[in-house]
file start-v7.txt (compact mmCIF, C-alpha atoms)
# COMPACT_ATOMS: atom_id res chain seq x y z
CA MET A 1 -23.51 -41.89 18.43
CA SER A 2 -20.61 -44.07 19.64
CA ARG A 3 -21.15 -46.32 16.66
CA ASN A 4 -21.18 -43.28 14.39
CA ARG A 5 -18.01 -42.08 16.04
CA SER A 6 -16.16 -45.34 15.52
CA VAL A 7 -17.33 -45.43 11.91
CA ALA A 8 -16.07 -41.86 11.48
CA ALA A 9 -12.75 -42.70 13.17
CA ALA A 10 -12.27 -45.69 10.90
CA ARG A 11 -13.07 -43.60 7.85
CA LEU A 12 -10.59 -40.94 8.92
CA ALA A 13 -7.81 -43.37 9.73
CA ASP A 14 -8.40 -44.55 6.21
CA ALA A 15 -8.03 -40.99 4.93
CA ALA A 16 -4.63 -40.25 6.54
CA PRO A 17 -2.45 -41.95 3.86
CA LEU A 18 -4.59 -40.22 1.27
CA PHE A 19 -3.67 -36.79 2.61
CA ALA A 20 -0.04 -37.84 2.99
CA ALA A 21 -0.06 -38.68 -0.73
CA LEU A 22 -1.66 -35.31 -1.54
CA GLY A 23 0.66 -33.40 0.80
CA ASP A 24 3.27 -32.72 -1.88
CA ALA A 25 3.02 -29.81 -4.28
CA ARG A 26 4.16 -31.85 -7.30
CA ARG A 27 1.70 -34.68 -6.61
CA LEU A 28 -1.15 -32.27 -5.92
CA GLY A 29 -0.25 -30.62 -9.26
CA LEU A 30 -0.50 -33.97 -11.04
CA VAL A 31 -3.92 -34.59 -9.51
CA ALA A 32 -5.08 -31.12 -10.57
CA ARG A 33 -3.76 -31.73 -14.10
CA LEU A 34 -5.58 -35.07 -14.40
CA CYS A 35 -8.67 -33.38 -12.96
CA ASP A 36 -8.66 -30.74 -15.70
CA ALA A 37 -7.39 -32.74 -18.66
CA GLY A 38 -8.66 -36.26 -18.05
CA PRO A 39 -6.47 -39.34 -18.73
CA LEU A 40 -2.91 -38.48 -19.82
CA SER A 41 0.24 -40.37 -20.77
CA ILE A 42 3.53 -39.94 -18.92
CA ALA A 43 4.87 -38.12 -21.97
CA ARG A 44 2.07 -35.58 -21.79
CA LEU A 45 2.33 -35.25 -18.00
CA SER A 46 6.07 -34.59 -18.05
CA ALA A 47 6.17 -32.36 -21.16
CA GLY A 48 7.30 -28.85 -20.31
CA THR A 49 7.63 -29.49 -16.57
CA GLY A 50 11.41 -29.86 -16.48
CA VAL A 51 10.91 -33.04 -14.44
CA THR A 52 12.06 -36.44 -15.67
CA ARG A 53 9.56 -39.12 -16.63
CA GLN A 54 11.05 -41.32 -13.93
CA ALA A 55 10.33 -38.71 -11.25
CA ILE A 56 6.77 -38.20 -12.52
CA THR A 57 6.24 -41.96 -12.57
CA LYS A 58 7.40 -42.20 -8.95
CA HIS A 59 4.90 -39.54 -7.88
CA LEU A 60 2.11 -41.23 -9.84
CA GLU A 61 2.91 -44.55 -8.22
CA ALA A 62 2.71 -42.91 -4.77
CA LEU A 63 -0.70 -41.54 -5.73
CA ALA A 64 -1.72 -44.97 -7.03
CA ASP A 65 -0.69 -46.57 -3.70
CA ALA A 66 -3.11 -44.21 -1.97
CA GLY A 67 -5.76 -45.25 -4.50
CA LEU A 68 -6.02 -41.76 -6.01
CA VAL A 69 -5.03 -42.60 -9.59
CA ARG A 70 -4.80 -45.70 -11.73
CA ASP A 71 -3.03 -46.54 -14.94
CA THR A 72 -3.96 -48.55 -17.98
CA ARG A 73 -1.76 -49.70 -20.83
CA HIS A 74 -2.47 -48.38 -24.29
CA GLY A 75 -0.02 -50.24 -26.49
CA ARG A 76 3.43 -49.29 -25.24
CA GLU A 77 2.18 -46.34 -23.21
CA ARG A 78 0.85 -46.12 -19.69
CA VAL A 79 -2.09 -43.73 -19.43
CA TRP A 80 -2.94 -42.31 -16.01
CA GLU A 81 -6.32 -41.20 -14.79
CA LEU A 82 -8.02 -40.20 -11.54
CA GLU A 83 -9.84 -42.64 -9.31
CA PRO A 84 -12.78 -40.31 -8.65
CA ARG A 85 -14.33 -42.23 -5.77
CA ARG A 86 -11.18 -41.92 -3.67
CA LEU A 87 -10.94 -38.17 -4.28
CA GLU A 88 -14.57 -37.85 -3.32
CA ARG A 89 -13.64 -39.34 0.05
CA ALA A 90 -10.97 -36.64 0.57
CA ARG A 91 -13.55 -34.07 -0.36
CA ARG A 92 -15.95 -35.43 2.26
CA CYS A 93 -13.34 -34.89 5.00
CA LEU A 94 -13.30 -31.17 4.19
CA ASP A 95 -17.08 -31.28 4.13
CA GLN A 96 -17.00 -32.30 7.80
CA ILE A 97 -15.11 -29.12 8.77
CA SER A 98 -17.52 -27.27 6.55
CA ALA A 99 -20.44 -28.80 8.49
CA GLN A 100 -18.80 -27.65 11.73
CA TRP A 101 -18.82 -24.07 10.40
CA ASP A 102 -22.46 -24.45 9.37
CA ALA A 103 -23.32 -25.44 12.93
CA ALA A 104 -21.34 -22.51 14.39
CA ILE A 105 -23.00 -20.08 11.94
CA GLY A 106 -26.41 -21.45 12.93
CA ARG A 107 -25.61 -20.70 16.57
CA LEU A 108 -24.23 -17.24 15.72
CA LYS A 109 -27.39 -16.45 13.73
CA ALA A 110 -29.65 -17.50 16.60
CA TYR A 111 -27.44 -15.55 19.02
CA VAL A 112 -27.39 -12.16 17.25
CA GLU A 113 -31.00 -12.35 16.05
CA THR A 114 -32.51 -13.10 19.47
CA ARG A 115 -30.31 -10.93 21.72
CA PRO A 116 -30.26 -7.30 20.53
CA MET B 117 -13.20 -30.77 -7.00
CA ALA B 118 -9.53 -30.00 -6.32
CA GLN B 119 -10.50 -27.31 -3.79
CA THR B 120 -8.92 -28.61 -0.59
CA ASP B 121 -7.26 -25.48 0.83
CA ARG B 122 -10.20 -23.34 1.90
CA ILE B 123 -13.74 -23.30 3.17
CA GLU B 124 -15.94 -20.28 2.47
CA LYS B 125 -19.32 -19.50 4.03
CA LYS B 126 -21.71 -16.61 3.43
CA VAL B 127 -24.71 -15.86 5.60
CA ARG B 128 -27.23 -13.03 5.96
CA LEU B 129 -27.86 -12.22 9.61
CA ARG B 130 -30.97 -10.26 10.58
CA ALA B 131 -29.08 -8.01 12.96
CA PRO B 132 -27.21 -4.70 12.58
CA ARG B 133 -23.51 -4.80 11.80
CA ALA B 134 -22.55 -3.38 15.21
CA ARG B 135 -24.42 -6.25 16.87
CA VAL B 136 -22.69 -8.90 14.77
CA TRP B 137 -19.32 -7.22 15.32
CA ARG B 138 -19.79 -7.51 19.08
CA ALA B 139 -20.77 -11.18 18.83
CA LEU B 140 -17.58 -11.85 16.85
CA THR B 141 -14.98 -9.78 18.67
CA ASP B 142 -16.13 -9.70 22.29
CA ALA B 143 -14.39 -12.85 23.48
CA ARG B 144 -17.19 -13.70 25.92
CA GLU B 145 -19.89 -13.34 23.27
CA PHE B 146 -17.77 -15.23 20.74
CA GLY B 147 -17.50 -18.06 23.25
CA GLU B 148 -21.29 -18.24 23.66
CA TRP B 149 -21.99 -19.28 20.08
CA PHE B 150 -18.63 -20.83 19.17
CA ARG B 151 -18.81 -22.89 22.38
CA VAL B 152 -15.46 -22.00 23.93
CA ASN B 153 -14.41 -20.43 27.26
CA LEU B 154 -11.78 -17.86 26.29
CA GLU B 155 -9.48 -16.61 29.04
CA GLY B 156 -9.07 -13.04 27.80
CA PRO B 157 -10.08 -10.45 25.20
CA PHE B 158 -9.12 -10.47 21.51
CA VAL B 159 -6.13 -8.16 20.98
CA GLU B 160 -4.30 -7.80 17.66
CA GLY B 161 -1.09 -9.84 17.69
CA ALA B 162 -1.94 -11.59 20.97
CA THR B 163 -2.81 -15.20 21.66
CA VAL B 164 -5.83 -16.02 23.80
CA ARG B 165 -6.38 -19.50 25.21
CA GLY B 166 -9.65 -21.25 25.74
CA ARG B 167 -11.40 -24.50 26.50
CA ILE B 168 -14.06 -25.92 24.21
CA THR B 169 -17.49 -26.06 25.86
CA TYR B 170 -19.20 -28.08 23.13
CA PRO B 171 -20.74 -31.16 24.80
CA GLY B 172 -18.47 -34.16 24.33
CA TYR B 173 -15.45 -31.99 23.40
CA GLU B 174 -14.81 -30.29 26.76
CA HIS B 175 -11.36 -31.87 27.06
CA LEU B 176 -10.14 -29.87 24.04
CA ARG B 177 -8.30 -26.56 24.24
CA MET B 178 -7.92 -23.94 21.57
CA ASP B 179 -5.42 -21.11 21.15
CA VAL B 180 -6.40 -18.19 18.98
CA LEU B 181 -3.76 -15.79 17.63
CA VAL B 182 -5.52 -12.59 16.59
CA ASP B 183 -4.24 -11.51 13.19
CA ARG B 184 -6.13 -8.28 12.45
CA ILE B 185 -9.07 -6.26 13.77
CA GLU B 186 -10.65 -3.55 11.58
CA PRO B 187 -13.70 -2.32 13.52
CA GLU B 188 -17.06 -3.49 12.13
CA ARG B 189 -15.45 -4.62 8.86
CA TYR B 190 -12.86 -7.36 9.29
CA PHE B 191 -11.65 -9.73 12.00
CA ALA B 192 -9.10 -12.49 11.47
CA TYR B 193 -7.30 -15.03 13.63
CA ARG B 194 -5.05 -18.03 13.23
CA TRP B 195 -5.45 -21.33 15.00
CA HIS B 196 -4.43 -24.95 14.80
CA PRO B 197 -7.47 -27.05 13.91
CA GLY B 198 -7.23 -30.48 15.45
CA ALA B 199 -4.59 -29.44 18.01
CA ILE B 200 -6.05 -31.78 20.57
CA ASP B 201 -3.05 -32.98 22.60
CA PRO B 202 -2.76 -30.72 25.69
CA GLU B 203 0.91 -31.74 26.12
CA ALA B 204 2.00 -30.87 22.59
CA ASP B 205 3.43 -27.54 21.47
CA TYR B 206 1.77 -26.61 18.19
CA SER B 207 3.16 -23.09 17.95
CA ALA B 208 5.77 -23.99 15.30
CA GLU B 209 3.27 -25.79 13.06
CA PRO B 210 1.40 -24.14 10.20
CA SER B 211 -2.00 -22.79 11.21
CA THR B 212 -5.15 -22.00 9.30
CA LEU B 213 -6.40 -18.42 8.93
CA VAL B 214 -10.02 -17.70 9.83
CA GLU B 215 -11.40 -14.44 8.39
CA PHE B 216 -14.72 -12.74 9.07
CA ARG B 217 -15.88 -9.98 6.69
CA LEU B 218 -18.95 -7.88 7.45
CA GLU B 219 -21.06 -5.86 5.03
CA GLU B 220 -24.19 -3.86 5.71
CA ALA B 221 -27.28 -4.84 3.72
CA GLY B 222 -30.44 -2.85 4.42
CA GLY B 223 -30.18 -3.11 8.19
CA ASP B 224 -29.01 -6.75 8.00
CA THR B 225 -25.44 -7.95 7.95
CA LEU B 226 -23.80 -10.07 5.27
CA LEU B 227 -21.10 -12.14 6.89
CA THR B 228 -18.43 -14.01 4.93
CA ILE B 229 -16.26 -16.52 6.76
CA VAL B 230 -13.18 -18.01 5.09
CA GLU B 231 -10.92 -20.61 6.68
CA SER B 232 -7.82 -21.25 4.55
CA GLY B 233 -4.44 -22.97 4.71
CA PHE B 234 -5.53 -26.59 5.03
CA ASP B 235 -3.10 -27.65 2.29
CA ARG B 236 -0.14 -26.54 4.42
CA LEU B 237 -1.15 -28.59 7.46
CA PRO B 238 0.92 -31.72 8.11
CA ALA B 239 -0.93 -34.83 6.93
CA ALA B 240 -1.25 -36.25 10.44
CA ARG B 241 -2.71 -32.98 11.75
CA ARG B 242 -5.17 -32.91 8.90
CA ALA B 243 -6.42 -36.32 9.81
CA GLU B 244 -6.82 -35.11 13.44
CA ALA B 245 -8.62 -31.95 12.36
CA PHE B 246 -11.03 -34.04 10.37
CA ARG B 247 -11.37 -36.60 13.14
CA MET B 248 -12.67 -33.89 15.48
CA ASN B 249 -15.61 -33.41 13.20
CA ASP B 250 -17.52 -36.62 13.48
CA GLN B 251 -21.08 -37.01 12.32
CA GLY B 252 -22.34 -35.34 15.49
CA TRP B 253 -21.49 -31.98 13.95
CA ALA B 254 -23.51 -32.66 10.83
CA ILE B 255 -26.50 -33.76 12.90
CA GLN B 256 -26.15 -30.64 15.08
CA ALA B 257 -26.04 -28.44 11.97
CA GLU B 258 -29.34 -29.90 10.81
CA ASN B 259 -30.92 -29.33 14.23
CA ILE B 260 -29.90 -25.70 14.26
CA ALA B 261 -30.93 -25.08 10.68
CA ARG B 262 -34.38 -26.45 11.57
CA HIS B 263 -34.44 -24.35 14.74
CA VAL B 264 -33.68 -21.00 13.10
CA ALA B 265 -35.69 -21.62 9.92
call {"tool": "encode", "arguments": {"input": "start-v7.txt", "output": "structure tokens"}}
result
Amino acid sequence: MSRNRSVAAARLADAAPLFAALGDARRLGLVARLCDAGPLSIARLSAGTGVTRQAITKHLEALADAGLVRDTRHGRERVWELEPRRLERARRCLDQISAQWDAAIGRLKAYVETRP
Amino acid sequence: MAQTDRIEKKVRLRAPRARVWRALTDAREFGEWFRVNLEGPFVEGATVRGRITYPGYEHLRMDVLVDRIEPERYFAYRWHPGAIDPEADYSAEPSTLVEFRLEEAGGDTLLTIVESGFDRLPAARRAEAFRMNDQGWAIQAENIARHVA
């Protein structure tokens, strides 16, 4: 248990910068966009948003620092895509709260079904 | 995949709606299954304080601000998940909303629980909220699932 706990603590300390990177509406929007559309160029990501390419690039670089996205060069263009394994880790954090609810629901079920 | 703001749970409980309602909104009964010692009743618009009774987490407190009570149908409160520092004042921080919806289903009760607002929590608080839920919870969930199956 204590070993599990220190493993969990290490994993969560690791997750803090990840949530800091996601804790911005514009960056979360970029992640959602890449989620839906797959790899996109800066031109495509900034088109119609009213935000400069430079600003978008800054957000993408913040996401890249947290390991959430990566870029590859296609000729003169940088194409950005999600780093799915890192997102999966963020997802697992929410799964832990979800597991806490499952445990509470299990207790509630036992409680109401055995004590009329 | 991008769903990070809310958690939703649905469960069918083999008990009448009135029974489930009591287990949810009677603060003493709530405390029995949620594992918290609440200091007073649930009253709309009021905050009730409590101490977690879950083994290993007894040093944690929780404050529950009751949002809405609609008898036998809907109960909602706000709280600060991961608010674990007894010295800190969390009242100004964003909270998550926990909602319980009850429906009758042939003598049973369909209960839907939604906790939402995680995206508005400060990043540091999020990490704390997640930290509270170490693997012990997951193991406990399996034990209970086996027990009630």
call {"tool": "atom_distance", "arguments": {"input": "start-v7.txt", "atom1": "atom CA of Val180 of chain B", "atom2": "atom CA of Phe19 of chain A"}}
result
24.9 Å
call {"tool": "closest_residue", "arguments": {"input": "start-v7.txt", "among": "A:Arg76, A:Arg33, A:His59, A:Arg44", "to": "chain B", "atoms": "only C-alpha atoms"}}
result
A:Arg33
call {"tool": "residues_around", "arguments": {"input": "start-v7.txt", "residues": "Gly67 of chain A", "least_positions_apart": "4", "cutoff": "10 Å", "atoms": "all atoms listed in the file", "output": "ChimeraX atom specification"}}
result
/A:17-18,21,61-63,82-87
call {"tool": "atom_distance", "arguments": {"input": "start-v7.txt", "atom1": "atom CA of Val79 of chain A", "atom2": "atom CA of Pro39 of chain A"}}
result
6.2 Å
call {"tool": "closest_residue", "arguments": {"input": "start-v7.txt", "among": "B:Val159, B:Ala208, B:Leu218, B:Ile229", "to": "chain A", "atoms": "all atoms listed in the file"}}
result
B:Ile229
call {"tool": "closest_residue", "arguments": {"input": "start-v7.txt", "among": "B:Glu188, B:Asp142, B:Asp179, B:Glu148", "to": "chain A", "atoms": "all atoms listed in the file"}}
result
B:Glu148
call {"tool": "closest_residue", "arguments": {"input": "start-v7.txt", "among": "B:Arg184, B:Arg138, B:Lys125, B:Arg151", "to": "Pro171 of chain B", "atoms": "all atoms listed in the file"}}
result
B:Arg151
call {"tool": "closest_residue", "arguments": {"input": "start-v7.txt", "among": "B:Ala134, B:Val152, B:Leu181, B:Ala139", "to": "chain A", "atoms": "all atoms listed in the file"}}
result
B:Ala139
call {"tool": "closest_residue", "arguments": {"input": "start-v7.txt", "among": "B:Leu213, B:Ala143, B:Ala162, B:Val230", "to": "chain A", "atoms": "all atoms listed in the file"}}
result
B:Val230
call {"tool": "atom_distance", "arguments": {"input": "start-v7.txt", "atom1": "atom CA of Arg26 of chain A", "atom2": "atom CA of Ser232 of chain B"}}
result
19.9 Å
call {"tool": "axis_aligned_box", "arguments": {"input": "start-v7.txt", "around": "segment 59-65 of chain A", "padding_each_side": "8 Å", "output": "JSON"}}
result
{"center_x": 1.6, "center_y": -43.1, "center_z": -6.8, "size_x": 22.6, "size_y": 23.0, "size_z": 22.1}
call {"tool": "residues_around", "arguments": {"input": "start-v7.txt", "residues": "Glu81 of chain A", "least_positions_apart": "4", "cutoff": "8 Å", "atoms": "all atoms listed in the file", "output": "short mmCIF file (atom, residue, chain, number, x, y, z; two decimals) with C-alpha atoms, in the frame of the given file"}}
result
data_model
loop_
_atom_site.label_atom_id
_atom_site.label_comp_id
_atom_site.auth_asym_id
_atom_site.auth_seq_id
_atom_site.Cartn_x
_atom_site.Cartn_y
_atom_site.Cartn_z
CA LEU A 34 -5.58 -35.07 -14.40
CA GLY A 38 -8.66 -36.26 -18.05
CA PRO A 39 -6.47 -39.34 -18.73
CA LEU A 40 -2.91 -38.48 -19.82
CA VAL A 69 -5.03 -42.60 -9.59
CA ARG A 70 -4.80 -45.70 -11.73
CA ASP A 71 -3.03 -46.54 -14.94
#
call {"tool": "residues_around", "arguments": {"input": "start-v7.txt", "residues": "Glu145 of chain B", "least_positions_apart": "3", "cutoff": "12 Å", "atoms": "all atoms listed in the file", "output": "ChimeraX atom specification"}}
result
/A:107-108,111-112,115 /B:135-142,148-154,156-158
